[in-house]
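K.L.:
Quick one: this structure, given as structure tokens, is what I'll be asking you about.
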Amino acid sequence: MEIVDTFCGPVADTVGLPLVTFKFILSLFLAFPLAFVHKRLPSTKARHVFSIISGILLFVFVYGILSISHILVTSIVTLALIKYTPTQKSPVIVMLWCYTYLSCMHIYRMIVSPYVYEMDTTAPQMIITIKLTSLAWNIRDGQYEDKDLRPSLRSMKMVRNPEQLEFWSYIFYFGGLLGGPAFQIREYIEFTDMTMFRNCKDGVPPSTLLPTLSRFVQSLVCMGVHLSFSNIFPTEVLYTSEFSNFNFFYKWVYCVLAIVGVRMQYYFAWTLAESANILNGFGFNGFDETVDKNPKFDRLANVKIFGVEFSQNCRGVSTYWNMASGNWLKNHVYFRLLDAGYTGLGPVFATNFMSAFWHGFYPGYYIHFTTAAFAVQVARGMRKTLRPFVVENSDSRTEEEVVPNKVLKAVYDIIGILIIQCLLGFGMTCFIGLSWEKSITFLHSMDYAGFYGMVVLYIFVKVVAILKPKKQKAKPE
């Protein structure tokens with residue numbers, strides 16, 4: 001590793017990146033030749049072995065050989081828990097185990113590198129936590145008939161325990177080990193044994209060249225935007241006392257654009273990883289409903305950029321941002337709480353708390369996710385109360401929505417986009433600030449306007465709901 005660092009160190013210094021960040025980005029590009037080779041291997045076993053070896057080598061290249069012990073320990077103990085604990089209880093036990101181990105890593109990081117926003121082995125451990133806990137739930141769900149499961153859980157359930165080669169290949173697969181995306185073991189097995197492509201010509205995936213290039217170019221554009229915005233709107237300014245001296249409108253514009261620049265670095269990593277997975281066929285997701293039956297390659301999409309940036313509501317952001325972890329939280333936290341009989345605000349706040357807990361223990365995380373949970377409730381109330389004034393049949397699941405006034409609908413949509421952008425800037429500034437001091441300094445500079453705005457909107461929709469005439473149900477003749 002010293003030889004590798006001797007080569008990479010000067011290059012990292014030249015481009016102005018920490019060594020581990022430079023090696024992480026380089027590993028994302030190295031996934032492309034690995035995907036090219038993986039796609040051409042002759043057998044299922046060869047693909048499994050290749051995934052294990054290449055994944056380990058990539059991990060050691062970025063984080064060092066000792067760091068791999070975290071993945072080995074959590075994985076081996078999880079296998080034992082799944083084998084020796086009751087199937088109905090093992091998912092909760094595995095989740096407690098994985099969260100405890102991950103929490104210890106987060107705490108250690110806070111001790112040795114307090115309030116430093118940098119990459120370390122907690123990032124891949126967060127991905128491993130998703131994989132291992134999902135596996136336990138998938139095996140548990142395999143005990144049920146499809147009719148007893150939610151639709152989103154049926155395609156993920158495992159009716160058998162994975163073989164050792166399948167399991168370790170799933171854990172170390174080079175296309176998702178370091179920075180995601182996470183995926184389900186069932187779809188990974190079907191990808192590796194090629195049954196995923198049984199409806200394709202000759203049992204092989206359609207051409208992946210154009211969708212790979214499309215995501216690759218997207219990733220480079222996102223990096224360009226990130227570099228530009230981070231230079232024009234550096235986030236460090238948000239946490240200074242001088243920031244409060246700017247006028248109210250300028251502060252909001254600066255905050256929103258600075259956080260757009262921050263999001264772009266995530267888009268870069270996620271779309272670059274996605275493009276490598278498309279190259280070897282893992283991104284294939286069936287065919288669309290058009291006459292031409294065009295292939296889809298969004299199976300491992302971790303973000304829908306336009307879905308986030310032009311979202312009109314909180315649901316759009318939670319659906320299209322960090323989709324792998326979002327689906328994991330929805331399927332294995334939110335839905336499980338609903339199925340256990342919990343209702344109301346509890347499941348929403350618990351899910352956001354688990355998301356914050358998964359990220360770590362910095363106060364900024366909890367300010368962000370508490371804000372997000374409350375924003376979701378406000379957004380639900382706004383949609384239920386205000387949207388019917390703009391769109392007819394908005395609360396119907398059987399009738400098509402009707403837009404009587406397109407201009408009013410456009411204004412409604414634009415206002416929604418602006419509100420979401422402000423909320424993203426307001427909440428994510430605390431998220432990346434990490435510390436309580438930075439978060440409070442920023443919030444004070446913004447006069448806590450985001451919180452006051454949500455409270456006002458919450459009261460407003462409640463008042464409108466009370467005053468709004470109730471629909472009269474037609475009496476049967």
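Ordered as shown in the structure tokens, chains take letters A, B, and onward, while each chain numbers its residues from 1 and ligands are numbered from 1 in the order shown.
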Quick one: pick out all helix (DSSP H, G or I) residues within stretch 199-254 of chain A from a backbone DSSP run and write them as a PyMOL selection string.
P.N.:
chain A and resi 201-203+209-232+235-239+241-245+248-254
K.L.:
Would you list the contacts of A:Val94 as a list in words, taking every protein, DNA or RNA residue within 9 Å and counting only C-alpha atoms, but skipping same-chain residues closer than 5 positions in sequence?
P.N.:
Val77, Thr78, Leu81, Ile82, Lys89, Tyr99, Leu132, Thr133 and Ala136 of chain A
K.L.:
If you count only C-alpha atoms, which residues fall within 6 Å of stretch 51-68 of chain A, apart from same-chain ones fewer than 6 positions away, as a list in words?
P.N.:
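Residues near the query, excluding close chain neighbours: Lys23, Phe24, Ser169, Phe172, Tyr173 and Phe174 of chain A.
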K.L.:
Residues at most 10 Å from A:Trp270, counting only C-alpha atoms, excluding those fewer than 2 positions away in the same chain, as an mmCIF file with all heavy atoms, in the first residue's frame?
P.N.:
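This is the output file around01.cif:
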```cif
data_model
loop_
_atom_site.group_PDB
_atom_site.id
_atom_site.type_symbol
_atom_site.label_atom_id
_atom_site.label_comp_id
_atom_site.auth_asym_id
_atom_site.auth_seq_id
_atom_site.Cartn_x
_atom_site.Cartn_y
_atom_site.Cartn_z
ATOM 1 N N LEU A 28 -13.868 4.458 -8.515
ATOM 2 C CA LEU A 28 -15.101 4.523 -9.296
ATOM 3 C C LEU A 28 -14.811 4.361 -10.784
ATOM 4 O O LEU A 28 -15.581 3.718 -11.514
ATOM 5 C CB LEU A 28 -15.817 5.858 -9.040
ATOM 6 C CG LEU A 28 -16.351 6.098 -7.626
ATOM 7 C CD1 LEU A 28 -16.982 7.486 -7.524
ATOM 8 C CD2 LEU A 28 -17.363 5.027 -7.229
ATOM 9 N N GLY A 176 -20.634 -1.936 -6.022
ATOM 10 C CA GLY A 176 -21.439 -1.263 -5.007
ATOM 11 C C GLY A 176 -20.831 -1.280 -3.624
ATOM 12 O O GLY A 176 -21.477 -0.864 -2.659
ATOM 13 N N GLY A 179 -19.164 2.877 -2.356
ATOM 14 C CA GLY A 179 -20.073 3.995 -2.173
ATOM 15 C C GLY A 179 -21.488 3.710 -2.609
ATOM 16 O O GLY A 179 -22.279 4.621 -2.800
ATOM 17 N N GLY A 180 -21.814 2.442 -2.757
ATOM 18 C CA GLY A 180 -23.144 2.064 -3.207
ATOM 19 C C GLY A 180 -23.210 2.030 -4.725
ATOM 20 O O GLY A 180 -22.196 2.216 -5.415
ATOM 21 N N PRO A 181 -24.382 1.785 -5.264
ATOM 22 C CA PRO A 181 -25.629 1.629 -4.522
ATOM 23 C C PRO A 181 -25.770 0.243 -3.901
ATOM 24 O O PRO A 181 -25.163 -0.720 -4.384
ATOM 25 C CB PRO A 181 -26.700 1.839 -5.607
ATOM 26 C CG PRO A 181 -26.047 1.314 -6.851
ATOM 27 C CD PRO A 181 -24.596 1.691 -6.723
ATOM 28 N N ARG A 215 -25.050 8.055 -18.648
ATOM 29 C CA ARG A 215 -24.831 8.263 -17.206
ATOM 30 C C ARG A 215 -23.421 8.792 -16.949
ATOM 31 O O ARG A 215 -23.216 9.617 -16.052
ATOM 32 C CB ARG A 215 -25.025 6.959 -16.437
ATOM 33 C CG ARG A 215 -26.377 6.315 -16.550
ATOM 34 C CD ARG A 215 -27.538 7.180 -16.119
ATOM 35 N NE ARG A 215 -28.727 6.381 -15.919
ATOM 36 C CZ ARG A 215 -29.493 5.905 -16.894
ATOM 37 N NH1 ARG A 215 -29.189 6.174 -18.154
ATOM 38 N NH2 ARG A 215 -30.564 5.172 -16.622
ATOM 39 N N SER A 219 -22.488 12.263 -15.012
ATOM 40 C CA SER A 219 -21.634 12.339 -13.827
ATOM 41 C C SER A 219 -20.571 13.426 -13.986
ATOM 42 O O SER A 219 -20.287 14.173 -13.036
ATOM 43 C CB SER A 219 -20.981 10.983 -13.539
ATOM 44 O OG SER A 219 -20.016 10.655 -14.523
ATOM 45 N N MET A 264 -24.420 18.100 -5.991
ATOM 46 C CA MET A 264 -23.823 17.681 -7.251
ATOM 47 C C MET A 264 -22.662 16.699 -7.057
ATOM 48 O O MET A 264 -22.413 15.852 -7.913
ATOM 49 C CB MET A 264 -23.342 18.901 -8.045
ATOM 50 C CG MET A 264 -24.469 19.718 -8.638
ATOM 51 S SD MET A 264 -25.374 18.807 -9.907
ATOM 52 C CE MET A 264 -26.888 19.788 -9.994
ATOM 53 N N GLN A 265 -21.949 16.797 -5.936
ATOM 54 C CA GLN A 265 -20.862 15.849 -5.722
ATOM 55 C C GLN A 265 -21.408 14.453 -5.433
ATOM 56 O O GLN A 265 -20.790 13.447 -5.823
ATOM 57 C CB GLN A 265 -19.957 16.316 -4.592
ATOM 58 C CG GLN A 265 -20.574 16.311 -3.208
ATOM 59 C CD GLN A 265 -19.611 16.821 -2.155
ATOM 60 O OE1 GLN A 265 -18.395 16.860 -2.357
ATOM 61 N NE2 GLN A 265 -20.158 17.231 -1.009
ATOM 62 N N TYR A 266 -22.573 14.386 -4.799
ATOM 63 C CA TYR A 266 -23.230 13.098 -4.602
ATOM 64 C C TYR A 266 -23.737 12.560 -5.939
ATOM 65 O O TYR A 266 -23.598 11.364 -6.228
ATOM 66 C CB TYR A 266 -24.403 13.234 -3.628
ATOM 67 C CG TYR A 266 -23.999 13.493 -2.201
ATOM 68 C CD1 TYR A 266 -23.944 14.784 -1.691
ATOM 69 C CD2 TYR A 266 -23.668 12.442 -1.347
ATOM 70 C CE1 TYR A 266 -23.576 15.025 -0.378
ATOM 71 C CE2 TYR A 266 -23.305 12.666 -0.035
ATOM 72 C CZ TYR A 266 -23.259 13.968 0.453
ATOM 73 O OH TYR A 266 -22.886 14.190 1.751
ATOM 74 N N TYR A 267 -24.330 13.430 -6.747
ATOM 75 C CA TYR A 267 -24.809 13.002 -8.056
ATOM 76 C C TYR A 267 -23.665 12.434 -8.897
ATOM 77 O O TYR A 267 -23.838 11.445 -9.615
ATOM 78 C CB TYR A 267 -25.444 14.178 -8.807
ATOM 79 C CG TYR A 267 -26.660 14.785 -8.172
ATOM 80 C CD1 TYR A 267 -27.083 16.071 -8.501
ATOM 81 C CD2 TYR A 267 -27.418 14.087 -7.234
ATOM 82 C CE1 TYR A 267 -28.207 16.645 -7.923
ATOM 83 C CE2 TYR A 267 -28.547 14.651 -6.645
ATOM 84 C CZ TYR A 267 -28.923 15.934 -6.995
ATOM 85 O OH TYR A 267 -30.035 16.493 -6.426
ATOM 86 N N PHE A 268 -22.509 13.083 -8.816
ATOM 87 C CA PHE A 268 -21.341 12.615 -9.566
ATOM 88 C C PHE A 268 -20.990 11.178 -9.199
ATOM 89 O O PHE A 268 -20.860 10.303 -10.067
ATOM 90 C CB PHE A 268 -20.146 13.533 -9.291
ATOM 91 C CG PHE A 268 -18.813 12.912 -9.640
ATOM 92 C CD1 PHE A 268 -18.431 12.760 -10.960
ATOM 93 C CD2 PHE A 268 -17.955 12.474 -8.633
ATOM 94 C CE1 PHE A 268 -17.204 12.174 -11.286
ATOM 95 C CE2 PHE A 268 -16.737 11.899 -8.945
ATOM 96 C CZ PHE A 268 -16.355 11.754 -10.270
ATOM 97 N N LEU A 272 -21.857 7.934 -11.642
ATOM 98 C CA LEU A 272 -20.673 7.247 -12.155
ATOM 99 C C LEU A 272 -20.704 5.771 -11.777
ATOM 100 O O LEU A 272 -20.410 4.899 -12.613
ATOM 101 C CB LEU A 272 -19.403 7.912 -11.609
ATOM 102 C CG LEU A 272 -18.084 7.467 -12.253
ATOM 103 C CD1 LEU A 272 -18.072 7.809 -13.736
ATOM 104 C CD2 LEU A 272 -16.898 8.139 -11.547
ATOM 105 N N ALA A 273 -21.070 5.475 -10.527
ATOM 106 C CA ALA A 273 -21.195 4.076 -10.102
ATOM 107 C C ALA A 273 -22.299 3.373 -10.878
ATOM 108 O O ALA A 273 -22.164 2.209 -11.274
ATOM 109 C CB ALA A 273 -21.468 4.007 -8.603
ATOM 110 N N GLU A 274 -23.399 4.084 -11.111
ATOM 111 C CA GLU A 274 -24.500 3.490 -11.872
ATOM 112 C C GLU A 274 -24.079 3.137 -13.286
ATOM 113 O O GLU A 274 -24.439 2.082 -13.810
ATOM 114 C CB GLU A 274 -25.684 4.458 -11.910
ATOM 115 C CG GLU A 274 -26.901 3.908 -12.644
ATOM 116 C CD GLU A 274 -27.959 4.955 -12.912
ATOM 117 O OE1 GLU A 274 -27.787 6.115 -12.480
ATOM 118 O OE2 GLU A 274 -28.967 4.616 -13.563
ATOM 119 N N SER A 275 -23.296 4.023 -13.926
ATOM 120 C CA SER A 275 -22.890 3.770 -15.307
ATOM 121 C C SER A 275 -22.009 2.540 -15.420
ATOM 122 O O SER A 275 -22.098 1.780 -16.393
ATOM 123 C CB SER A 275 -22.176 4.997 -15.891
ATOM 124 O OG SER A 275 -21.008 5.320 -15.158
ATOM 125 N N LEU A 300 -30.207 0.104 -10.797
ATOM 126 C CA LEU A 300 -29.305 0.553 -9.735
ATOM 127 C C LEU A 300 -29.163 2.072 -9.707
ATOM 128 O O LEU A 300 -28.164 2.591 -9.204
ATOM 129 C CB LEU A 300 -27.932 -0.105 -9.885
ATOM 130 C CG LEU A 300 -27.914 -1.627 -9.713
ATOM 131 C CD1 LEU A 300 -26.486 -2.145 -9.714
ATOM 132 C CD2 LEU A 300 -28.618 -2.055 -8.437
ATOM 133 N N ALA A 301 -30.162 2.771 -10.240
ATOM 134 C CA ALA A 301 -30.158 4.231 -10.132
ATOM 135 C C ALA A 301 -30.293 4.621 -8.668
ATOM 136 O O ALA A 301 -31.192 4.153 -7.975
ATOM 137 C CB ALA A 301 -31.298 4.824 -10.952
ATOM 138 N N ASN A 302 -29.391 5.468 -8.202
ATOM 139 C CA ASN A 302 -29.443 5.904 -6.809
ATOM 140 C C ASN A 302 -29.993 7.316 -6.674
ATOM 141 O O ASN A 302 -30.208 7.792 -5.565
ATOM 142 C CB ASN A 302 -28.048 5.834 -6.179
ATOM 143 C CG ASN A 302 -28.113 5.573 -4.692
ATOM 144 O OD1 ASN A 302 -29.095 5.065 -4.167
ATOM 145 N ND2 ASN A 302 -27.053 5.938 -3.984
ATOM 146 N N VAL A 303 -30.212 7.964 -7.816
ATOM 147 C CA VAL A 303 -30.777 9.303 -7.804
ATOM 148 C C VAL A 303 -31.406 9.586 -9.158
ATOM 149 O O VAL A 303 -30.937 9.114 -10.190
ATOM 150 C CB VAL A 303 -29.692 10.364 -7.489
ATOM 151 C CG1 VAL A 303 -28.657 10.453 -8.603
ATOM 152 C CG2 VAL A 303 -30.316 11.734 -7.233
ATOM 153 N N ASN A 322 -30.921 9.445 -3.016
ATOM 154 C CA ASN A 322 -30.321 8.290 -2.344
ATOM 155 C C ASN A 322 -31.337 7.144 -2.295
ATOM 156 O O ASN A 322 -31.719 6.657 -1.218
ATOM 157 C CB ASN A 322 -29.861 8.669 -0.946
ATOM 158 C CG ASN A 322 -28.827 7.694 -0.402
ATOM 159 O OD1 ASN A 322 -28.490 6.684 -1.041
ATOM 160 N ND2 ASN A 322 -28.304 7.975 0.778
#
```
K.L.:
Show which residues sit within 7 Å of A:Val159, as a PyMOL selection string. Count only C-alpha atoms, and ignore same-chain residues fewer than 2 positions away.
P.N.:
chain A and resi 139+142-143+157
K.L.:
Can I get the selected residues back with N, CA, C and O atoms, as a PDB file, in the first residue's frame?
P.N.:
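Once everything was written out, this is part_37.pdb:
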```
ATOM      1  N   ILE A 139     -34.956 -13.081   3.943  1.00  0.00           N
ATOM      2  CA  ILE A 139     -35.083 -14.489   4.331  1.00  0.00           C
ATOM      3  C   ILE A 139     -36.335 -14.692   5.180  1.00  0.00           C
ATOM      4  O   ILE A 139     -37.068 -15.671   5.015  1.00  0.00           O
ATOM      5  N   GLY A 142     -39.336 -14.749   3.061  1.00  0.00           N
ATOM      6  CA  GLY A 142     -39.442 -15.984   2.287  1.00  0.00           C
ATOM      7  C   GLY A 142     -40.333 -17.023   2.940  1.00  0.00           C
ATOM      8  O   GLY A 142     -40.734 -18.000   2.283  1.00  0.00           O
ATOM      9  N   GLN A 143     -40.677 -16.812   4.207  1.00  0.00           N
ATOM     10  CA  GLN A 143     -41.567 -17.741   4.911  1.00  0.00           C
ATOM     11  C   GLN A 143     -43.042 -17.464   4.613  1.00  0.00           C
ATOM     12  O   GLN A 143     -43.918 -18.218   5.038  1.00  0.00           O
ATOM     13  N   LYS A 157     -37.994 -11.296  -1.663  1.00  0.00           N
ATOM     14  CA  LYS A 157     -37.930 -12.362  -0.658  1.00  0.00           C
ATOM     15  C   LYS A 157     -37.058 -13.514  -1.128  1.00  0.00           C
ATOM     16  O   LYS A 157     -36.945 -13.805  -2.322  1.00  0.00           O
TER      17      LYS A 157
END
```
K.L.:
If you take only C-alpha atoms and a cut-off of 12 Å, which residues of stretch 58-129 of chain A touch stretch 183-191 of chain A, and what are their nearest atom pairs and distances in Å to one decimal, in chain and number order, as JSON lines?
P.N.:
```
{"residue": "A:Ile127", "atom": "CA", "partner": "A:Phe183", "partner_atom": "CA", "distance": 9.3}
{"residue": "A:Ile128", "atom": "CA", "partner": "A:Phe183", "partner_atom": "CA", "distance": 10.2}
{"residue": "A:Thr129", "atom": "CA", "partner": "A:Phe183", "partner_atom": "CA", "distance": 11.5}
```
